[in-house]
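What follows is one structure encoded as structure tokens, with my remarks underneath.
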Amino acid sequence: MNAAGLPASRVPASRDAPVLRWGIMGPGWIAERFTESVQAHTDQVIAAVASRSLSRSKAFADSFNVPAAYGSYEELAAAPDIDIVYVCTPHNFHHQAAVLALDAGKHVLVEKPIGLNAAQARDLAQRAEAAGVFAAEAMWTFFLPKFDVIRQILDAGTLGTITTVFAEYGEHFHRSHRIFDPELAGGPLLDLGTYPLALVTEVLGLPEQLHAIGQSHESGVNAQLSAIMRFGSGAQAVVNTHVHNFTPTSATIVGSVATLTIDGPFNMPGGFEVRFPDGTRLRHDEAAGGHFEGLHYEAAAVARAVAAGQTQASQRTLAASIRTLEVADAIRRQLGVMFLGDTAVPGGTQHATGTEDTATYSTEGTP
């Protein structure tokens, strides 16, 4: 325990992790942030980059001093000197790109969400298991030092019985952003909403009941959604996500003994506080930061797992990734939201009532 009465983070220094040679599929914005963070805070080697456009790959390679640039994902998957592939293509192509890497015997880290739906996530998990290679979703939040502390608090029962989780995430985007493109799985759910949903499902598991409402955008994508959930324990959760404007991006976990409130944005480096009814407050302080300060933790954790012969990341197991997408699938089913390349929105035995904008469902008996 530290001086504040809370556990200390057990996350080792990122630079101490064994070195892997990384190949990047999809040289977009998140690939840039990942590379910046990894090159600044670790000894990991970004050895190659691939795009469907060789000129884009070369431009990325030149900007970040990456030695190899390929004009196809297939070439990168086949490259013999690459240990692990970081898939950060647009959402619609996560599954396809990850399959290329897995079939080539490469370890993979797939940017969130790991697939468009739970079926794609299950397929990747099965392929990785069959190939005996590592696979994980790059839900970087759960690799941060503060979440290691939060996990210890939850495991120790410090909060008592969890009764409620509140989490939200909204941002403003320029109208030209891909989040408004129906052909690129647009809308807030997979970009922003995946964070609140991941937190809720990490803490409470799968809901037994869910009620969702949605709002459309003139572009044809979903603009906003909210969901209320009930779990087998009796606990409840409320999530909201939208593309209208910036929000605090807050998250609170309420227990029968204490309440844990994470500083916003809750998905990035920063602190949190545990509050007790008698007025006692325990504070975890961590320097606030963004992607540059935080993405390197997931790269280092993955490198340590691979070096140890592990095929999953304990911080974000494949089962956890599938569980989050099962809830996202249920929300989309209720709201009538479909994505290009998504032939089904699976997710257990569900009984829905209402319009396409508001519905309820039950997952009793869902495995």
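Going through the structure tokens in order, the chains are called A, B, and so on, while each chain numbers its residues from 1 and the ligands are numbered from 1 in the order shown.
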Can you build me a table of segment 181-219 of chain A residues sitting at most 10 Å from segment 137-160 of chain A, with the closest atom pair per residue and its distance in Å to one decimal, using only C-alpha atoms, sorted by chain and residue number, as CSV?
```
residue,atom,partner,partner_atom,distance
A:Thr194,CA,A:Met139,CA,9.0
A:Tyr195,CA,A:Met139,CA,8.0
A:Ala198,CA,A:Met139,CA,8.5
A:Leu199,CA,A:Phe142,CA,8.8
A:Glu202,CA,A:Phe142,CA,9.6
A:Val203,CA,A:Leu154,CA,8.2
```
Residue selection dump (all heavy atoms) as a short mmCIF file (atom, residue, chain, number, x, y, z; two decimals), in the first residue's frame:
```cif
data_model
loop_
_atom_site.label_atom_id
_atom_site.label_comp_id
_atom_site.auth_asym_id
_atom_site.auth_seq_id
_atom_site.Cartn_x
_atom_site.Cartn_y
_atom_site.Cartn_z
N THR A 194 -16.92 2.31 -27.25
CA THR A 194 -16.26 1.07 -26.85
C THR A 194 -15.55 1.22 -25.51
O THR A 194 -15.41 0.25 -24.75
CB THR A 194 -15.26 0.62 -27.95
OG1 THR A 194 -14.74 -0.66 -27.61
CG2 THR A 194 -14.12 1.59 -28.10
N TYR A 195 -15.12 2.44 -25.15
CA TYR A 195 -14.46 2.65 -23.85
C TYR A 195 -15.43 2.49 -22.68
O TYR A 195 -15.16 1.73 -21.75
CB TYR A 195 -13.77 4.01 -23.82
CG TYR A 195 -12.56 4.13 -24.69
CD1 TYR A 195 -12.60 4.85 -25.87
CD2 TYR A 195 -11.35 3.54 -24.32
CE1 TYR A 195 -11.47 4.97 -26.68
CE2 TYR A 195 -10.22 3.65 -25.12
CZ TYR A 195 -10.30 4.37 -26.30
OH TYR A 195 -9.17 4.49 -27.10
N ALA A 198 -16.50 -1.15 -22.55
CA ALA A 198 -15.43 -2.03 -22.07
C ALA A 198 -15.30 -1.93 -20.55
O ALA A 198 -15.10 -2.95 -19.87
CB ALA A 198 -14.11 -1.66 -22.74
N LEU A 199 -15.42 -0.73 -20.02
CA LEU A 199 -15.33 -0.57 -18.57
C LEU A 199 -16.48 -1.29 -17.87
O LEU A 199 -16.28 -2.03 -16.90
CB LEU A 199 -15.34 0.92 -18.20
CG LEU A 199 -15.30 1.20 -16.69
CD1 LEU A 199 -14.00 0.72 -16.08
CD2 LEU A 199 -15.50 2.69 -16.42
N GLU A 202 -16.08 -5.02 -18.12
CA GLU A 202 -14.93 -5.45 -17.33
C GLU A 202 -15.33 -5.57 -15.86
O GLU A 202 -14.92 -6.52 -15.17
CB GLU A 202 -13.78 -4.46 -17.48
CG GLU A 202 -12.49 -4.85 -16.76
CD GLU A 202 -11.74 -5.96 -17.46
OE1 GLU A 202 -12.04 -6.26 -18.63
OE2 GLU A 202 -10.83 -6.54 -16.83
N VAL A 203 -16.12 -4.65 -15.38
CA VAL A 203 -16.49 -4.61 -13.97
C VAL A 203 -17.67 -5.53 -13.66
O VAL A 203 -17.68 -6.24 -12.64
CB VAL A 203 -16.82 -3.17 -13.53
CG1 VAL A 203 -17.32 -3.14 -12.09
CG2 VAL A 203 -15.59 -2.27 -13.67
#
```
* Using only C-alpha atoms, which residues sit within 12 Å of Gly220 of chain A once same-chain residues fewer than 3 positions away are excluded, as a VMD selection string? -> chain A and resid 179 to 187 215 to 217 223 336 to 339
* To do: Would you mind listing what lies within 9 Å of Pro277 of chain A as a ChimeraX atom specification, with only C-alpha atoms counted and same-chain residues fewer than 4 positions away left out?
  => /A:257-259
Emit the selected residues as a PDB file, in the first residue's frame, including all heavy atoms.
```
ATOM      1  N   VAL A 257     -19.618  -0.025  -0.185  1.00  0.00           N
ATOM      2  CA  VAL A 257     -18.706   0.484   0.834  1.00  0.00           C
ATOM      3  C   VAL A 257     -18.074   1.804   0.427  1.00  0.00           C
ATOM      4  O   VAL A 257     -17.890   2.705   1.257  1.00  0.00           O
ATOM      5  CB  VAL A 257     -17.605  -0.550   1.138  1.00  0.00           C
ATOM      6  CG1 VAL A 257     -16.558   0.016   2.095  1.00  0.00           C
ATOM      7  CG2 VAL A 257     -18.217  -1.819   1.717  1.00  0.00           C
ATOM      8  N   ALA A 258     -17.757   1.957  -0.851  1.00  0.00           N
ATOM      9  CA  ALA A 258     -17.082   3.172  -1.320  1.00  0.00           C
ATOM     10  C   ALA A 258     -17.360   3.378  -2.804  1.00  0.00           C
ATOM     11  O   ALA A 258     -17.810   2.467  -3.506  1.00  0.00           O
ATOM     12  CB  ALA A 258     -15.577   3.078  -1.076  1.00  0.00           C
ATOM     13  N   THR A 259     -17.079   4.591  -3.263  1.00  0.00           N
ATOM     14  CA  THR A 259     -17.270   4.974  -4.661  1.00  0.00           C
ATOM     15  C   THR A 259     -15.933   5.370  -5.264  1.00  0.00           C
ATOM     16  O   THR A 259     -15.164   6.131  -4.653  1.00  0.00           O
ATOM     17  CB  THR A 259     -18.253   6.156  -4.777  1.00  0.00           C
ATOM     18  OG1 THR A 259     -19.539   5.739  -4.342  1.00  0.00           O
ATOM     19  CG2 THR A 259     -18.347   6.661  -6.211  1.00  0.00           C
TER      20      THR A 259
END
```
* Residue with smallest distance to Ile162 of chain A - pool A:Asp123, A:His107, A:Thr89, A:Val254, counting only C-alpha atoms ->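 For Ile162 of chain A, the nearest of the given residues is A:Val254.
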* Would you mind listing what lies within 9 Å of His291 of chain A as a PyMOL selection string, with only C-alpha atoms counted and same-chain residues fewer than 4 positions away left out? => chain A and resi 30+33-34+36-37+140+268-269+295-296
Go ahead and write the selection's residues with N, CA, C and O atoms as a PDB file, in the first residue's frame.
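Output saved as result.pdb:
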```
ATOM      1  N   ILE A  30      -3.866   6.796 -35.591  1.00  0.00           N
ATOM      2  CA  ILE A  30      -3.514   6.042 -34.394  1.00  0.00           C
ATOM      3  C   ILE A  30      -2.172   5.340 -34.566  1.00  0.00           C
ATOM      4  O   ILE A  30      -1.418   5.184 -33.595  1.00  0.00           O
ATOM      5  N   ARG A  33       0.354   7.940 -33.596  1.00  0.00           N
ATOM      6  CA  ARG A  33       0.445   8.149 -32.141  1.00  0.00           C
ATOM      7  C   ARG A  33       1.133   6.953 -31.471  1.00  0.00           C
ATOM      8  O   ARG A  33       1.936   7.128 -30.555  1.00  0.00           O
ATOM      9  N   PHE A  34       0.806   5.745 -31.912  1.00  0.00           N
ATOM     10  CA  PHE A  34       1.423   4.544 -31.359  1.00  0.00           C
ATOM     11  C   PHE A  34       2.929   4.563 -31.588  1.00  0.00           C
ATOM     12  O   PHE A  34       3.714   4.319 -30.666  1.00  0.00           O
ATOM     13  N   GLU A  36       4.917   7.140 -32.222  1.00  0.00           N
ATOM     14  CA  GLU A  36       5.530   8.202 -31.423  1.00  0.00           C
ATOM     15  C   GLU A  36       5.754   7.754 -29.981  1.00  0.00           C
ATOM     16  O   GLU A  36       6.835   7.942 -29.416  1.00  0.00           O
ATOM     17  N   SER A  37       4.728   7.162 -29.403  1.00  0.00           N
ATOM     18  CA  SER A  37       4.806   6.752 -28.009  1.00  0.00           C
ATOM     19  C   SER A  37       5.803   5.621 -27.810  1.00  0.00           C
ATOM     20  O   SER A  37       6.625   5.642 -26.884  1.00  0.00           O
ATOM     21  N   TRP A 140      -6.017   0.263 -25.004  1.00  0.00           N
ATOM     22  CA  TRP A 140      -4.841   0.744 -24.287  1.00  0.00           C
ATOM     23  C   TRP A 140      -5.139   1.191 -22.865  1.00  0.00           C
ATOM     24  O   TRP A 140      -4.264   1.128 -21.992  1.00  0.00           O
ATOM     25  N   MET A 268      -7.734   7.808 -20.372  1.00  0.00           N
ATOM     26  CA  MET A 268      -6.355   8.231 -20.590  1.00  0.00           C
ATOM     27  C   MET A 268      -5.592   8.262 -19.266  1.00  0.00           C
ATOM     28  O   MET A 268      -6.191   8.138 -18.190  1.00  0.00           O
ATOM     29  N   PRO A 269      -4.265   8.429 -19.306  1.00  0.00           N
ATOM     30  CA  PRO A 269      -3.508   8.526 -18.058  1.00  0.00           C
ATOM     31  C   PRO A 269      -4.054   9.634 -17.164  1.00  0.00           C
ATOM     32  O   PRO A 269      -4.447  10.698 -17.644  1.00  0.00           O
ATOM     33  N   LEU A 295       0.201   5.026 -24.829  1.00  0.00           N
ATOM     34  CA  LEU A 295       0.152   3.877 -25.730  1.00  0.00           C
ATOM     35  C   LEU A 295       1.324   2.915 -25.556  1.00  0.00           C
ATOM     36  O   LEU A 295       1.208   1.722 -25.863  1.00  0.00           O
ATOM     37  N   HIS A 296       2.425   3.419 -25.069  1.00  0.00           N
ATOM     38  CA  HIS A 296       3.605   2.548 -24.936  1.00  0.00           C
ATOM     39  C   HIS A 296       3.386   1.434 -23.919  1.00  0.00           C
ATOM     40  O   HIS A 296       4.012   0.371 -24.013  1.00  0.00           O
TER      41      HIS A 296
END
```
* To do: For Ile84 of chain A, list every protein, DNA or RNA residue within 8 Å, evaluated using only C-alpha atoms, and leave out those in the same chain fewer than 6 positions away; present the list as a ChimeraX atom specification.
  => /A:20-23,106-109
For the residues in the current selection, export all heavy atoms as a JSON list (two decimals), in the first residue's frame.
```
[["chain", "number", "residue", "atom", "x", "y", "z"],
["A", 20, "LEU", "N", 10.49, -6.55, -29.38],
["A", 20, "LEU", "CA", 9.91, -7.20, -30.54],
["A", 20, "LEU", "C", 10.07, -6.30, -31.75],
["A", 20, "LEU", "O", 10.19, -5.08, -31.63],
["A", 20, "LEU", "CB", 8.41, -7.47, -30.32],
["A", 20, "LEU", "CG", 7.99, -8.40, -29.19],
["A", 20, "LEU", "CD1", 6.48, -8.55, -29.16],
["A", 20, "LEU", "CD2", 8.66, -9.76, -29.33],
["A", 21, "ARG", "N", 10.03, -6.93, -32.93],
["A", 21, "ARG", "CA", 10.05, -6.17, -34.19],
["A", 21, "ARG", "C", 8.61, -6.09, -34.69],
["A", 21, "ARG", "O", 8.00, -7.10, -35.02],
["A", 21, "ARG", "CB", 10.97, -6.85, -35.21],
["A", 21, "ARG", "CG", 12.44, -6.80, -34.82],
["A", 21, "ARG", "CD", 13.32, -7.53, -35.83],
["A", 21, "ARG", "NE", 13.19, -6.95, -37.16],
["A", 21, "ARG", "CZ", 13.87, -5.88, -37.59],
["A", 21, "ARG", "NH1", 14.72, -5.27, -36.78],
["A", 21, "ARG", "NH2", 13.72, -5.43, -38.81],
["A", 22, "TRP", "N", 8.08, -4.87, -34.74],
["A", 22, "TRP", "CA", 6.68, -4.62, -35.04],
["A", 22, "TRP", "C", 6.48, -4.21, -36.49],
["A", 22, "TRP", "O", 7.27, -3.43, -37.04],
["A", 22, "TRP", "CB", 6.14, -3.51, -34.15],
["A", 22, "TRP", "CG", 6.09, -3.82, -32.69],
["A", 22, "TRP", "CD1", 7.16, -3.92, -31.83],
["A", 22, "TRP", "CD2", 4.92, -4.06, -31.90],
["A", 22, "TRP", "NE1", 6.72, -4.21, -30.56],
["A", 22, "TRP", "CE2", 5.36, -4.29, -30.57],
["A", 22, "TRP", "CE3", 3.56, -4.08, -32.19],
["A", 22, "TRP", "CZ2", 4.46, -4.55, -29.54],
["A", 22, "TRP", "CZ3", 2.67, -4.35, -31.15],
["A", 22, "TRP", "CH2", 3.12, -4.58, -29.84],
["A", 23, "GLY", "N", 5.40, -4.73, -37.08],
["A", 23, "GLY", "CA", 4.96, -4.26, -38.38],
["A", 23, "GLY", "C", 3.59, -3.62, -38.23],
["A", 23, "GLY", "O", 2.74, -4.14, -37.51],
["A", 106, "LYS", "N", 1.94, -14.86, -37.53],
["A", 106, "LYS", "CA", 2.39, -13.68, -36.79],
["A", 106, "LYS", "C", 1.52, -13.46, -35.55],
["A", 106, "LYS", "O", 0.32, -13.71, -35.55],
["A", 106, "LYS", "CB", 2.32, -12.43, -37.66],
["A", 106, "LYS", "CG", 3.22, -12.45, -38.90],
["A", 106, "LYS", "CD", 4.68, -12.28, -38.52],
["A", 106, "LYS", "CE", 5.55, -11.94, -39.73],
["A", 106, "LYS", "NZ", 5.60, -12.99, -40.76],
["A", 107, "HIS", "N", 2.14, -12.95, -34.49],
["A", 107, "HIS", "CA", 1.38, -12.44, -33.36],
["A", 107, "HIS", "C", 0.66, -11.17, -33.82],
["A", 107, "HIS", "O", 1.13, -10.47, -34.74],
["A", 107, "HIS", "CB", 2.31, -12.10, -32.20],
["A", 107, "HIS", "CG", 3.17, -13.24, -31.75],
["A", 107, "HIS", "ND1", 2.65, -14.40, -31.21],
["A", 107, "HIS", "CD2", 4.52, -13.39, -31.76],
["A", 107, "HIS", "CE1", 3.64, -15.22, -30.89],
["A", 107, "HIS", "NE2", 4.79, -14.64, -31.22],
["A", 108, "VAL", "N", -0.47, -10.84, -33.18],
["A", 108, "VAL", "CA", -1.20, -9.65, -33.59],
["A", 108, "VAL", "C", -1.70, -8.86, -32.38],
["A", 108, "VAL", "O", -2.10, -9.42, -31.36],
["A", 108, "VAL", "CB", -2.41, -9.97, -34.49],
["A", 108, "VAL", "CG1", -1.97, -10.56, -35.81],
["A", 108, "VAL", "CG2", -3.41, -10.87, -33.79],
["A", 109, "LEU", "N", -1.65, -7.55, -32.53],
["A", 109, "LEU", "CA", -2.32, -6.61, -31.64],
["A", 109, "LEU", "C", -3.26, -5.82, -32.53],
["A", 109, "LEU", "O", -2.80, -5.13, -33.44],
["A", 109, "LEU", "CB", -1.32, -5.70, -30.95],
["A", 109, "LEU", "CG", -1.91, -4.61, -30.03],
["A", 109, "LEU", "CD1", -2.61, -5.23, -28.84],
["A", 109, "LEU", "CD2", -0.83, -3.63, -29.58]]
```
* **Point-to-point distance in Å for atom CA of Phe93 of chain A and atom CA of His174 of chain A** =>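 Here the two named atoms are 22.9 Å from each other.
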* Picked from segment 50-217 of chain A by DSSP as strand (DSSP E), as a PyMOL selection string -> chain A and resi 50+68-70+84-87+107-111+135-138+162-170+209-216
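In this structure, atom CA of His242 of chain A sits 7.7 Å away from atom CA of Leu192 of chain A.
From atom CA of Pro18 of chain A back to atom CA of Ala301 of chain A, the distance works out to 9.5 Å.
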* Write out as a ChimeraX atom specification which residues come within 8 Å of Thr201 of chain A when counting only C-alpha atoms, dropping same-chain ones fewer than 3 positions away. => /A:197-198,204-206,320,323-324
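Counting only C-alpha atoms and comparing A:Glu293, A:Glu32, A:Asp62, A:Glu208, the residue that lies closest to Val327 of chain A is A:Glu208.
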* Nearest to Glu326 of chain A, chosen from A:Gln44, A:Pro207, A:Leu340, A:Gln96, with only C-alpha atoms counted in the distances -> A:Pro207
